[in-house]
Structure formats: C-alpha cells, structure tokens
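Visitor: Got upload_29.cif for you, mmCIF, C-alpha atoms:
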```cif
data_structure
#
loop_
_atom_site.label_atom_id
_atom_site.label_comp_id
_atom_site.auth_asym_id
_atom_site.auth_seq_id
_atom_site.Cartn_x
_atom_site.Cartn_y
_atom_site.Cartn_z
CA MET O 1 107.65 140.52 87.83
CA ILE O 2 103.96 140.22 88.65
CA ARG O 3 104.77 137.18 90.75
CA LEU O 4 107.44 139.10 92.61
CA ALA O 5 105.04 141.92 93.30
CA LEU O 6 102.44 139.44 94.49
CA ILE O 7 104.89 137.85 96.87
CA LEU O 8 105.90 141.24 98.18
CA VAL O 9 102.30 142.31 98.75
CA LEU O 10 101.37 139.05 100.39
CA GLY O 11 104.52 139.10 102.46
CA LEU O 12 103.79 142.60 103.68
CA THR O 13 100.20 141.79 104.61
CA GLY O 14 101.52 138.71 106.36
CA MET O 15 103.96 140.79 108.36
CA VAL O 16 101.37 143.37 109.26
CA SER O 17 99.03 140.74 110.59
CA ALA O 18 101.97 139.11 112.32
CA GLU O 19 102.90 142.30 114.14
CA GLU O 20 99.46 142.39 115.64
CA ARG O 21 100.06 139.08 117.38
CA SER O 22 100.80 138.87 121.04
CA SER O 23 104.35 139.47 122.11
CA LEU O 24 103.96 136.26 124.09
CA TRP O 25 104.14 134.29 120.86
CA PRO O 26 106.26 131.22 121.65
CA SER O 27 109.91 131.50 120.83
CA VAL O 28 110.59 128.38 118.85
CA PRO O 29 114.09 127.00 119.40
CA ALA O 30 116.30 127.15 116.33
CA ALA O 31 116.97 123.85 114.63
CA THR O 32 120.07 122.38 113.10
CA GLY O 33 120.18 120.72 109.71
CA GLU O 34 118.53 121.52 106.44
CA PRO O 35 115.32 123.56 106.60
CA HIS O 36 112.07 121.86 105.61
CA ALA O 37 111.51 122.17 101.89
CA GLU O 38 107.80 122.64 102.51
CA GLY O 39 108.44 125.56 104.84
CA ASN O 40 107.96 125.93 108.56
CA GLU O 41 104.41 127.18 108.25
CA PHE O 42 103.38 123.98 106.48
CA TRP O 43 104.97 121.84 109.17
CA ARG O 44 103.50 123.85 112.00
CA LYS O 45 100.07 123.37 110.59
CA ASN O 46 100.31 119.78 109.44
CA HIS O 47 102.94 117.98 111.51
CA MET O 48 100.45 116.05 113.59
CA ASP O 49 98.60 114.69 110.59
CA MET O 50 101.82 113.85 108.82
CA MET O 51 103.27 112.07 111.81
CA ARG O 52 100.08 110.14 112.40
CA HIS O 53 99.92 109.16 108.76
CA ASP O 54 103.53 108.11 108.55
CA ARG O 55 103.49 106.24 111.84
CA ASP O 56 100.82 103.92 110.42
CA LEU O 57 102.85 103.42 107.27
CA THR O 58 105.85 102.48 109.36
CA MET O 59 104.13 100.38 111.98
CA ARG O 60 101.53 98.63 109.86
CA MET O 61 103.36 98.38 106.55
CA GLY O 62 106.99 98.45 107.59
CA ASP O 63 107.75 101.48 105.44
CA ARG O 64 110.67 103.17 107.11
CA GLN O 65 111.43 105.69 104.38
CA VAL O 66 108.91 108.16 105.79
CA GLY O 67 109.50 111.84 106.23
CA ALA O 68 107.62 112.53 109.43
CA SER O 69 108.72 110.57 112.46
CA LEU O 70 109.55 111.62 115.99
CA LYS O 71 112.98 110.13 115.53
CA ALA O 72 113.56 112.33 112.50
CA CYS O 73 112.25 115.40 114.36
CA PHE O 74 114.89 115.02 117.02
CA ASP O 75 117.67 114.72 114.48
CA CYS O 76 117.41 118.49 114.15
CA HIS O 77 115.02 119.75 116.81
CA THR O 78 116.94 119.23 120.01
CA VAL O 79 117.44 121.83 122.70
CA ARG O 80 120.33 121.91 125.13
CA ASP O 81 120.22 123.31 128.63
CA ASP O 82 122.83 125.61 130.15
CA GLU O 83 125.10 122.66 130.94
CA GLY O 84 124.87 121.45 127.38
CA HIS O 85 122.65 118.44 128.09
CA VAL O 86 119.87 117.68 125.65
CA VAL O 87 116.58 118.42 127.39
CA THR O 88 113.71 115.96 127.51
CA TYR O 89 110.00 116.67 127.23
CA ARG O 90 110.01 117.17 130.99
CA ASP O 91 111.84 120.46 130.43
CA GLU O 92 109.71 123.34 129.22
CA ARG O 93 112.44 124.37 126.81
CA HIS O 94 111.91 121.14 124.86
CA PHE O 95 111.15 121.83 121.20
CA CYS O 96 107.66 120.33 121.32
CA ARG O 97 106.75 122.14 124.48
CA SER O 98 107.74 125.56 123.19
CA CYS O 99 104.47 125.66 121.23
CA HIS O 100 102.40 123.03 123.00
CA ASP O 101 102.70 124.80 126.33
CA PHE O 102 101.61 128.00 124.62
CA ALA O 103 98.59 126.19 123.18
CA ALA O 104 97.94 124.46 126.52
CA VAL O 105 98.22 121.07 124.87
CA ARG O 106 99.95 118.23 126.64
CA VAL O 107 100.90 115.60 124.10
CA ASP O 108 101.18 112.02 125.34
CA CYS O 109 103.67 110.86 122.69
CA PHE O 110 106.41 110.70 125.26
CA THR O 111 104.81 108.20 127.58
CA CYS O 112 106.05 105.64 125.04
CA HIS O 113 108.46 107.47 122.74
CA ARG O 114 111.72 109.03 123.78
CA SER O 115 111.83 112.79 123.44
CA THR O 116 115.54 113.01 122.60
CA PRO O 117 117.84 111.35 120.07
CA ASP O 118 119.05 107.82 120.81
CA GLY O 119 121.99 107.76 123.15
CA VAL O 120 120.90 110.64 125.38
CA ASP O 121 120.32 109.50 128.94
CA GLU O 122 116.78 110.61 129.65
CA GLY O 123 116.94 109.74 133.32
CA GLU O 124 114.32 108.47 135.73
CA ALA O 125 112.85 111.92 136.24
CA HIS O 126 111.49 111.90 132.71
CA ALA O 127 109.09 109.11 133.61
CA MET O 128 107.09 111.34 135.91
CA THR O 129 106.32 113.92 133.23
CA GLN O 130 102.97 112.58 132.16
CA ALA O 131 101.67 111.53 135.55
CA ALA O 132 102.63 114.59 137.57
CA PRO O 133 100.02 117.33 137.75
CA ALA O 134 101.15 120.84 136.90
CA GLU O 135 102.75 122.48 139.90
CA PRO O 136 100.79 125.30 141.48
CA GLY O 137 101.92 128.62 140.14
CA ALA O 138 103.54 126.99 137.10
CA ILE O 139 101.51 129.07 134.67
CA ALA O 140 102.30 132.33 136.45
CA ALA O 141 105.98 131.38 136.51
CA PHE O 142 105.85 130.56 132.81
CA LEU O 143 104.28 133.91 131.96
CA ASN O 144 106.74 135.78 134.17
CA ARG O 145 109.62 134.07 132.47
CA LEU O 146 108.23 134.97 129.06
CA ALA O 147 107.68 138.57 130.15
CA GLY O 148 111.33 138.76 131.17
CA GLN O 149 112.48 137.73 127.72
CA THR O 150 112.84 140.04 124.80
CA PRO O 151 109.40 139.88 123.25
CA MET O 152 109.56 138.05 119.97
CA THR O 153 107.09 138.82 117.26
CA PHE O 154 105.61 136.18 115.05
CA ALA O 155 107.68 137.39 112.12
CA GLY O 156 110.76 137.45 114.32
CA ALA O 157 110.11 133.89 115.46
CA MET O 158 109.67 132.81 111.88
CA GLU O 159 112.91 134.49 110.93
CA ALA O 160 114.83 133.00 113.84
CA ASN O 161 113.56 129.56 113.02
CA ARG O 162 114.17 129.76 109.30
CA MET S 1 94.55 114.05 105.90
CA LYS S 2 92.33 112.37 108.46
CA LEU S 3 92.74 108.68 108.76
CA ARG S 4 91.01 105.96 110.66
CA ILE S 5 92.37 102.47 110.82
CA SER S 6 90.39 100.99 113.65
CA SER S 7 86.93 101.98 112.48
CA ASP S 8 86.57 98.69 110.62
CA ALA S 9 87.32 96.58 113.66
CA ARG S 10 84.21 94.50 113.19
CA GLN S 11 85.07 93.33 109.71
CA PRO S 12 86.62 89.94 109.12
CA PRO S 13 90.43 90.11 109.36
CA ALA S 14 91.00 89.49 105.65
CA GLN S 15 88.67 92.31 104.68
CA LYS S 16 90.24 94.55 107.26
CA ALA S 17 93.71 93.93 105.92
CA GLN S 18 92.57 94.71 102.41
CA ASN S 19 90.94 97.94 103.44
CA THR S 20 93.96 99.02 105.41
CA ARG S 21 96.06 98.41 102.37
CA ALA S 22 93.83 100.31 100.03
CA GLU S 23 93.58 103.18 102.44
CA LEU S 24 97.30 103.34 102.84
CA THR S 25 97.76 103.34 99.10
CA ARG S 26 95.51 106.34 98.79
CA ARG S 27 97.28 107.93 101.67
CA ASP S 28 100.59 107.44 99.98
CA LEU S 29 99.73 110.53 98.01
CA LEU S 30 99.98 112.38 101.26
CA ARG S 31 103.29 110.91 102.26
CA SER S 32 105.22 113.71 103.77
CA GLY S 33 108.44 112.21 102.51
CA ALA S 34 107.23 112.69 98.96
CA ALA S 35 108.05 115.85 97.20
CA VAL S 36 105.61 118.41 98.43
CA ALA S 37 105.44 121.72 96.74
CA SER S 38 103.66 124.30 98.76
CA LEU S 39 102.93 127.90 98.04
CA THR S 40 101.67 130.21 100.72
CA LEU S 41 99.00 132.32 99.13
CA ALA S 42 98.11 134.25 102.26
CA PRO S 43 98.60 133.57 105.94
CA GLY S 44 96.71 130.38 106.65
CA VAL S 45 96.03 129.57 103.01
CA THR S 46 98.49 127.16 101.53
CA LEU S 47 98.41 125.57 98.13
CA MET S 48 100.02 122.18 98.16
CA ALA S 49 100.96 119.83 95.39
CA PHE S 50 101.97 116.31 96.24
CA GLY S 51 103.81 114.19 93.83
CA GLY S 52 106.36 111.52 93.35
CA SER S 53 107.20 108.45 95.24
CA GLN S 54 105.05 105.44 95.83
CA ALA S 55 105.31 103.84 99.23
CA GLN S 56 108.00 101.22 99.28
CA ALA S 57 106.36 99.05 101.88
CA ALA S 58 108.84 96.76 103.55
CA ALA S 59 106.16 94.47 104.93
CA ASP S 60 105.82 92.26 101.89
CA ALA S 61 102.77 89.96 101.79
CA ASP S 62 104.79 87.51 99.67
CA LYS S 63 107.04 86.85 102.63
CA ARG S 64 106.39 85.25 105.95
CA TRP S 65 109.09 85.64 108.52
CA GLY S 66 109.76 82.77 110.87
CA LEU S 67 112.21 81.22 113.26
CA LEU S 68 113.37 77.64 113.57
CA ILE S 69 114.78 76.82 116.99
CA ASP S 70 116.90 73.70 117.28
CA VAL S 71 116.42 72.65 120.89
CA ASN S 72 119.41 70.30 120.74
CA LYS S 73 121.73 73.19 120.01
CA CYS S 74 120.31 75.40 122.76
CA SER S 75 122.41 75.35 125.89
CA ALA S 76 120.61 75.25 129.24
CA ASP S 77 123.07 77.64 130.88
CA CYS S 78 122.99 80.26 128.15
CA ASP S 79 120.49 83.10 127.97
CA ASP S 80 122.27 85.30 125.46
CA CYS S 81 119.12 85.53 123.34
CA VAL S 82 117.17 86.92 126.27
CA SER S 83 119.78 89.49 127.23
CA ALA S 84 120.30 90.49 123.59
CA CYS S 85 116.55 91.06 123.21
CA SER S 86 116.45 93.10 126.40
CA THR S 87 119.37 95.25 125.28
CA GLU S 88 118.05 95.68 121.77
CA ASN S 89 114.53 96.61 122.73
CA GLY S 90 115.15 98.24 126.08
CA TRP S 91 112.92 96.14 128.35
CA LYS S 92 114.13 95.22 131.78
CA GLY S 93 112.86 93.90 135.07
CA HIS S 94 111.76 95.93 138.06
CA GLY S 95 112.29 93.14 140.56
CA HIS S 96 108.75 91.82 140.17
CA PRO S 97 109.13 88.56 138.28
CA GLU S 98 105.36 88.01 138.19
CA THR S 99 104.68 91.17 136.24
CA ASP S 100 107.97 92.22 134.66
CA ALA S 101 108.00 92.53 130.89
CA GLN S 102 109.46 89.51 129.20
CA TRP S 103 109.57 89.43 125.44
CA ILE S 104 111.55 86.20 125.33
CA ARG S 105 112.33 83.68 128.07
CA LYS S 106 114.17 80.43 128.49
CA VAL S 107 111.91 77.48 129.23
CA THR S 108 113.09 74.11 130.52
CA LEU S 109 111.11 71.08 129.45
CA LYS S 110 111.35 67.72 131.16
CA ASN S 111 110.20 64.56 129.50
CA LYS S 112 108.45 62.77 132.34
CA ALA S 113 108.98 59.35 130.79
CA THR S 114 112.70 59.61 130.21
CA GLY S 115 113.69 62.39 132.58
CA ARG S 116 115.52 64.19 129.79
CA GLU S 117 115.58 67.94 130.19
CA SER S 118 115.83 70.39 127.33
CA SER S 119 116.05 74.15 127.30
CA MET S 120 114.71 76.51 124.67
CA PRO S 121 113.69 80.12 124.17
CA VAL S 122 110.00 80.95 123.85
CA MET S 123 108.80 84.25 122.48
CA CYS S 124 105.81 85.46 120.48
CA GLN S 125 105.17 82.63 118.04
CA HIS S 126 103.83 84.99 115.35
CA CYS S 127 100.84 82.79 114.58
CA GLU S 128 99.16 82.80 111.22
CA ALA S 129 95.83 82.83 113.09
CA PRO S 130 96.78 84.82 116.18
CA PRO S 131 94.28 84.52 119.06
CA CYS S 132 95.56 87.87 120.40
CA VAL S 133 94.37 89.58 117.22
CA ASP S 134 91.01 87.77 117.39
CA VAL S 135 90.21 89.03 120.86
CA CYS S 136 91.59 92.59 120.68
CA PRO S 137 88.64 94.97 121.10
CA THR S 138 90.35 97.99 119.55
CA GLY S 139 92.33 96.58 116.65
CA ALA S 140 95.61 97.30 118.40
CA SER S 141 96.73 93.69 118.05
CA PHE S 142 97.44 93.13 114.42
CA LYS S 143 99.40 91.03 111.99
CA ARG S 144 101.59 92.67 109.40
CA PRO S 145 101.32 91.45 105.81
CA ASP S 146 104.59 89.56 106.32
CA GLY S 147 103.23 87.63 109.28
CA ILE S 148 104.77 89.58 112.17
CA VAL S 149 102.27 90.04 114.99
CA LEU S 150 102.48 93.41 116.72
CA VAL S 151 100.71 95.74 119.13
CA ASP S 152 99.71 99.21 117.98
CA LYS S 153 100.30 100.95 121.27
CA HIS S 154 98.63 104.10 120.00
CA ILE S 155 95.27 102.37 120.28
CA CYS S 156 96.04 99.70 122.88
CA ILE S 157 93.87 100.34 125.93
CA GLY S 158 95.74 97.88 128.13
CA CYS S 159 92.80 95.55 128.66
CA ARG S 160 95.09 92.50 128.43
CA TYR S 161 92.60 90.24 126.67
CA CYS S 162 95.41 89.32 124.30
CA MET S 163 97.56 88.20 127.19
CA MET S 164 94.81 85.87 128.31
CA ALA S 165 94.20 84.61 124.80
CA CYS S 166 97.84 83.86 124.03
CA PRO S 167 98.56 80.16 124.64
CA PHE S 168 102.29 80.88 124.88
CA LYS S 169 102.18 83.62 127.53
CA ALA S 170 104.21 85.63 125.09
CA ARG S 171 102.84 89.07 125.90
CA SER S 172 103.62 91.39 128.78
CA PHE S 173 101.84 94.36 130.26
CA VAL S 174 103.91 97.38 131.20
CA HIS S 175 103.05 98.29 134.79
CA GLU S 176 105.71 100.90 135.51
CA PRO S 177 106.46 104.22 133.83
CA VAL S 178 109.17 103.72 131.23
CA VAL S 179 112.16 105.93 130.54
CA ASP S 180 114.96 105.89 128.01
CA GLN S 181 113.17 103.82 125.41
CA LYS S 182 114.91 102.93 122.19
CA SER S 183 113.62 105.09 119.36
CA HIS S 184 112.92 101.93 117.35
CA ALA S 185 111.05 100.25 120.22
CA PRO S 186 108.65 102.68 121.88
CA ARG S 187 107.09 101.20 125.01
CA GLY S 188 104.99 102.74 127.71
CA GLN S 189 103.03 102.18 130.85
CA GLY S 190 99.56 100.75 130.39
CA THR S 191 100.14 99.00 127.10
CA VAL S 192 100.80 95.40 126.13
CA GLU S 193 103.94 94.42 124.31
CA ALA S 194 105.72 91.37 122.97
CA CYS S 195 108.46 90.18 120.67
CA THR S 196 108.39 92.18 117.43
CA LEU S 197 110.77 89.79 115.69
CA CYS S 198 113.03 92.85 115.75
CA ILE S 199 110.89 94.43 113.09
CA HIS S 200 113.24 97.41 112.78
CA ARG S 201 116.13 95.10 111.94
CA VAL S 202 114.06 92.95 109.62
CA ASP S 203 112.80 96.00 107.73
CA ALA S 204 116.42 97.03 107.30
CA GLY S 205 117.29 93.59 105.92
CA GLY S 206 118.81 92.28 109.15
CA VAL S 207 118.06 89.40 111.50
CA PRO S 208 116.55 89.57 115.00
CA ALA S 209 118.90 90.29 117.89
CA CYS S 210 118.32 86.86 119.50
CA VAL S 211 119.37 85.09 116.32
CA GLU S 212 122.52 87.16 116.12
CA ALA S 213 123.35 86.63 119.80
CA CYS S 214 122.83 82.88 119.51
CA ALA S 215 125.19 82.74 116.56
CA ASP S 216 127.72 84.90 118.40
CA ALA S 217 127.57 82.48 121.34
CA GLY S 218 128.47 79.72 118.91
CA HIS S 219 125.21 77.80 119.27
CA GLN S 220 123.49 78.68 116.00
CA ALA S 221 120.31 77.29 117.52
CA ILE S 222 117.96 79.88 115.95
CA LEU S 223 117.45 80.15 112.24
CA PHE S 224 115.63 83.17 110.84
CA GLY S 225 114.15 83.41 107.39
CA ASP S 226 111.28 83.60 104.96
CA LEU S 227 108.95 80.60 105.26
CA ARG S 228 107.40 81.37 101.87
CA ASP S 229 110.71 81.21 100.02
CA PRO S 230 111.41 77.54 99.26
CA GLU S 231 115.11 78.36 98.78
CA SER S 232 115.61 79.99 102.16
CA ALA S 233 117.71 78.15 104.74
CA ILE S 234 114.75 77.92 107.10
CA SER S 235 112.47 76.40 104.45
CA ARG S 236 115.09 73.85 103.48
CA ALA S 237 115.67 72.93 107.13
CA LEU S 238 111.93 72.54 107.65
CA LEU S 239 111.82 70.16 104.68
CA GLU S 240 114.76 68.17 105.93
CA TYR S 241 114.12 67.74 109.66
CA PRO S 242 111.07 66.92 111.72
CA THR S 243 109.90 70.07 113.44
CA LEU S 244 107.02 71.01 115.70
CA ALA S 245 104.89 74.01 116.44
CA LEU S 246 104.16 74.55 120.11
CA ARG S 247 100.57 73.56 120.92
CA PRO S 248 99.99 72.03 117.49
CA ASP S 249 96.53 71.04 118.70
CA LEU S 250 95.43 74.68 118.42
CA ASP S 251 96.22 74.80 114.72
CA LEU S 252 97.54 78.34 114.87
CA ASN S 253 100.34 77.74 112.37
CA PRO S 254 102.99 79.73 114.24
CA GLY S 255 105.91 81.27 112.44
CA VAL S 256 108.21 79.95 115.15
CA ARG S 257 109.03 76.24 114.92
CA TYR S 258 111.04 73.89 117.10
CA ALA S 259 113.29 71.00 116.08
CA ASN S 260 114.41 68.16 118.37
CA LEU S 261 111.83 69.02 120.95
CA GLY S 262 110.96 66.41 123.57
#
```
For this file, write the structure as structure tokens.

Guide:
Amino acid sequence: MIRLALILVLGLTGMVSAEERSSLWPSVPAATGEPHAEGNEFWRKNHMDMMRHDRDLTMRMGDRQVGASLKACFDCHTVRDDEGHVVTYRDERHFCRSCHDFAAVRVDCFTCHRSTPDGVDEGEAHAMTQAAPAEPGAIAAFLNRLAGQTPMTFAGAMEANR
Amino acid sequence: MKLRISSDARQPPAQKAQNTRAELTRRDLLRSGAAVASLTLAPGVTLMAFGGSQAQAAADADKRWGLLIDVNKCSADCDDCVSACSTENGWKGHGHPETDAQWIRKVTLKNKATGRESSMPVMCQHCEAPPCVDVCPTGASFKRPDGIVLVDKHICIGCRYCMMACPFKARSFVHEPVVDQKSHAPRGQGTVEACTLCIHRVDAGGVPACVEACADAGHQAILFGDLRDPESAISRALLEYPTLALRPDLDLNPGVRYANLG
C-alpha cells in the first residue's frame, strides 16, 4: 500500500515536471515488438553506453548474445515513410534522429553501419548523409514542421512510446 | 559504464589481451542483455540491479581458426570464393582496380623453372604474430583470442600503416562512401578492412563463405577448422601432407596454409 502510494506520488511529481517541458519535445516514433523490460527511460539515458559496451563484447570477444546492438534496435525501431518504405538515417523521421536532431547531435554510426534492417535497399543517397552539410534553413524548416504538429508533452511521448 | 580499450596501447600485446579480458569480465556485470531490474525513484534517479548471465564469449582462446588451401584443387578459371566473399560481406569494386576493396583475390603463380602455373586465393592470413597489429597506432588492428585478425573500425583512423606492414597485401582502404552494408559486416569510408574469416558465421558455428562456395563449386580446395584441435580435419590434413605458409621466412605463423604450392 505504502509502495503504491509512493509510486503514485512520484508519478504525479514526474508528470508535473514533465508538463513544464517544452511542447517541442521530440515525438519518438512508436516501436513494434516487446517493450524494454528496463523501461524506456533507462534506455534513453543509457543506450549509448550499453551499445558501446556490447559492441566491444561482440567485436573483440565474439559474444553475439548481447542485448544492445544497432541490428537489434532496428528489429523494432523502424519508421516507414508515406509510401511504406523504411526510412534511413538520411530521413529526419528516422528513429535515431527523432531525438538526436532535437539534441543537435549527429551520430556517425551510420557511416559504417546500416540504419535499417537487413534487406532494405538503402540507396545511394544514404551515402551522402554524413558528408553533406546541413541545408540552409533546415533548422527553421524543422521547427516549423514541429510547430505544425500537435504538440506532444513529455508524458504524452512516453505514453505513446510505451 | 565508461570503458576504454585503447588506453593501454603501449603495453605488450600479451598484457594488453589480458587486461582487455579482465576488463570485459568486469563489464559483463553491465551486460545489457543480462537481467536488469530498474526502479525509477524520481525523474532522473534510477536504481538499477544487474544480475544473471556471464558472458558466453564465442572467441575461445583454446581454439585457433585456420584455413588449408589445396592449390592443386583450385581451378584457375573459378573465382567463386571471391564472389561469395563479396556477396557475403558486401564489398564491391568502383571501377578503380588500384584502390578497390579486395578482401580475397585469386593469385596466379608461375614456377619460372618449370613454367607450371597454379592459381590460388589469397586473403588475410590471420598471422599469429600479425605485423598489422604491431604497427597500428590506435589499437584498432587486433587479434581475437581465437586467432582471427580484425580491424576495430570505431578507432581506426585510416592511416594505413597496417596495409604497408602486411606482407600479403591483404588489407584494403575504403575510399568511397559506402551504402547498404550488411548488418554483420559494417564498413565505411576512411577505414581499413580485410577478411574477417566470416567471423559472424564462425561465431554462429558455421564456416566462411569462401569455403562454402568452393565446396559448392565441387572443388573442396579450402578446408576450415580449428588448428588447436588435433582431431579436426584441418589438423589431420596438416599432419598428413606437406604444407606451406606464405612468406615462411617472416615467421609469422599464419592461420592460412597452402598445400601443393609451387
């Protein structure tokens, strides 16, 4: 009972602080498959360390039973465009970019790794992603697009992604 | 959660390997695949408990993977091993033969005295004492515990010392942007790459793509196996027939051996 009350209190404070966040909070694309047992918050905070840790296990020690790999990410975290094609990292709707663009972080994973599941044709255009400078006005266009969307709160994003 | 593998680059290789191992063992506690119980106490404060599985490392130091190539069985007009490797690992030419990536290639040898020509595939020889690992300034060139020599492209700076050091010209530098990589064989512009002995297949208990393609072509010229296991087919063949390492004068003890060469 006490635990339940604690969860409720903490949950409420969490939601209150969440409501205060910007309405430009990234809208994280919904995933398929089983949710992470550790919770989305854990993965959001720690995915980079986990992937870096597990990549060394795999590459250096040949351990392929790891939990955090790009390949495993894209088993569930793929985004399709309006025509139903799986989008690559070149597309700003790509799962990784939904937050990394928000944080103004350009990850270089996809100069070597594919950003879609095996079998998807990534196309020649994908190769230019890392080299091409951001187009002029891209940031303004990004913000305009976000402003046109229904603003999603942090709690709402969490719920949608659960 | 922070880890550094390359910080000990100046230590002797044996020491380095040991440290890497120990570090990884400690890190196994952090394996994300392990059962992780987490409790969010407040936003941004998470209590985590890690438990459970030990790493089941596939790269077993008691094994040493190798190839035995029977040059007599290799057909001069067949390059199925090369095309199989290209398909499996996703490397292909850009019309620049001088610089195109080439993980495996067919080489024709001519005995000047007799005029006899023989054809054979040459790939990374997976040396026991790899010169590419000796010269790598960042620790990107490394040898797995089971003897497979690889490039860690995360820390490869593309200096190409390893390419100069390799007596077999086994390594390639990627000059062009790469698209549509295989998920098991990431490769990118500005890094060096070479035969991985199809590490992803070997870790899954399979054989390299070239070996499979050669058998499918009916040649059976490439034998894959564990050189440390006296009962393996490759060890028995090595006992039975005279075989050679390429450039035996360098004393590199390659994992790739050739029979009926010359």

Visitor: So that I can check the surroundings of S:Cys78, please list as a ChimeraX atom specification every protein, DNA and RNA residue that reaches within 10 Å of it, counting only C-alpha atoms and ignoring chain neighbours fewer than 2 positions away.

Guide: /S:74-76,80-83,106,119-120,214,217,219

Visitor: Could the residues of chain O that have an atom at most 9 Å from chain S be listed as CSV, each with its closest atom pair and the distance in Å to one decimal, counting only C-alpha atoms and ordered by chain and ascending residue number?

Guide:
```
residue,atom,partner,partner_atom,distance
O:Ile7,CA,S:Leu41,CA,8.4
O:Leu10,CA,S:Ala42,CA,6.1
O:Gly11,CA,S:Ala42,CA,8.0
O:Thr13,CA,S:Ala42,CA,8.2
O:Gly14,CA,S:Pro43,CA,5.9
O:Ser17,CA,S:Pro43,CA,8.6
O:Ala37,CA,S:Val36,CA,7.8
O:Glu38,CA,S:Ser38,CA,5.8
O:Gly39,CA,S:Ser38,CA,7.8
O:Glu41,CA,S:Gly44,CA,8.5
O:Phe42,CA,S:Thr46,CA,7.7
O:Lys45,CA,S:Gly44,CA,8.7
O:Asn46,CA,S:Met1,CA,8.9
O:Asp49,CA,S:Met1,CA,6.2
O:Met50,CA,S:Ser32,CA,6.1
O:Met51,CA,S:Ser32,CA,8.4
O:Arg52,CA,S:Leu3,CA,8.3
O:His53,CA,S:Leu3,CA,7.2
O:Asp54,CA,S:Arg31,CA,6.9
O:Asp56,CA,S:Leu24,CA,8.4
O:Leu57,CA,S:Leu24,CA,7.1
O:Thr58,CA,S:Ala57,CA,8.2
O:Met59,CA,S:Asp152,CA,7.5
O:Arg60,CA,S:Arg144,CA,6.0
O:Met61,CA,S:Ala59,CA,5.1
O:Gly62,CA,S:Ala58,CA,4.8
O:Asp63,CA,S:Ala57,CA,4.5
O:Arg64,CA,S:Asp203,CA,7.5
O:Gln65,CA,S:Gly33,CA,7.4
O:Val66,CA,S:Gly33,CA,5.2
O:Gly67,CA,S:Gly33,CA,3.9
O:Ala68,CA,S:Ser32,CA,6.3
O:Leu70,CA,S:Ser183,CA,8.4
O:Lys71,CA,S:Ser183,CA,6.4
O:Cys109,CA,S:His154,CA,8.9
O:Phe110,CA,S:Gly188,CA,8.4
O:Thr111,CA,S:Gly188,CA,5.5
O:Cys112,CA,S:Gly188,CA,4.1
O:His113,CA,S:Pro186,CA,4.9
O:Arg114,CA,S:Gln181,CA,5.6
O:Ser115,CA,S:Asp180,CA,8.8
O:Thr116,CA,S:Ser183,CA,8.8
O:Pro117,CA,S:Ser183,CA,7.6
O:Asp118,CA,S:Ser183,CA,6.2
O:Gly119,CA,S:Lys182,CA,8.6
O:Val120,CA,S:Asp180,CA,8.0
O:Asp121,CA,S:Asp180,CA,6.5
O:Glu122,CA,S:Asp180,CA,5.3
O:Gly123,CA,S:Val179,CA,6.7
O:Glu124,CA,S:Val179,CA,6.2
O:Ala125,CA,S:Val179,CA,8.3
O:His126,CA,S:Val179,CA,6.4
O:Ala127,CA,S:Val179,CA,5.4
O:Met128,CA,S:Pro177,CA,7.4
O:Ala131,CA,S:Pro177,CA,8.9
```

Visitor: What is the atom CA of O:Cys96-atom CA of O:Ala31 distance in Å, reported with one decimal?

Guide: 12.0 Å

Visitor: In Å, how far is it from atom CA of O:Asn40 to atom CA of O:Phe102?

Guide: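 Atom CA of O:Phe102 lies at a distance of 17.4 Å from atom CA of O:Asn40.
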
Visitor: What would the selection look like, as a list of chain:residue names, if the PyMOL selection byres ((chain S and resi 72) around 8) were run on the coordinates I just shared?

Guide: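 When the PyMOL selection byres ((chain S and resi 72) around 8) is applied, the selected residues are S:Asp70, S:Val71, S:Lys73, S:Cys74, S:Ser75, S:Ser118, S:Ala221, S:Ala259, S:Asn260, S:Leu261.
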
Visitor: Report, in Å with one decimal, the straight-line distance from atom CA of O:Ala138 to atom CA of O:His47.

Guide: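 Going from atom CA of O:Ala138 over to atom CA of O:His47, I get 27.1 Å.
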
Visitor: Care to translate the PyMOL selection byres ((chain O and resi 99) around 12) into actual residues of this file, as a ChimeraX atom specification?

Guide: /O:24-29,44-45,92-98,100-107,157
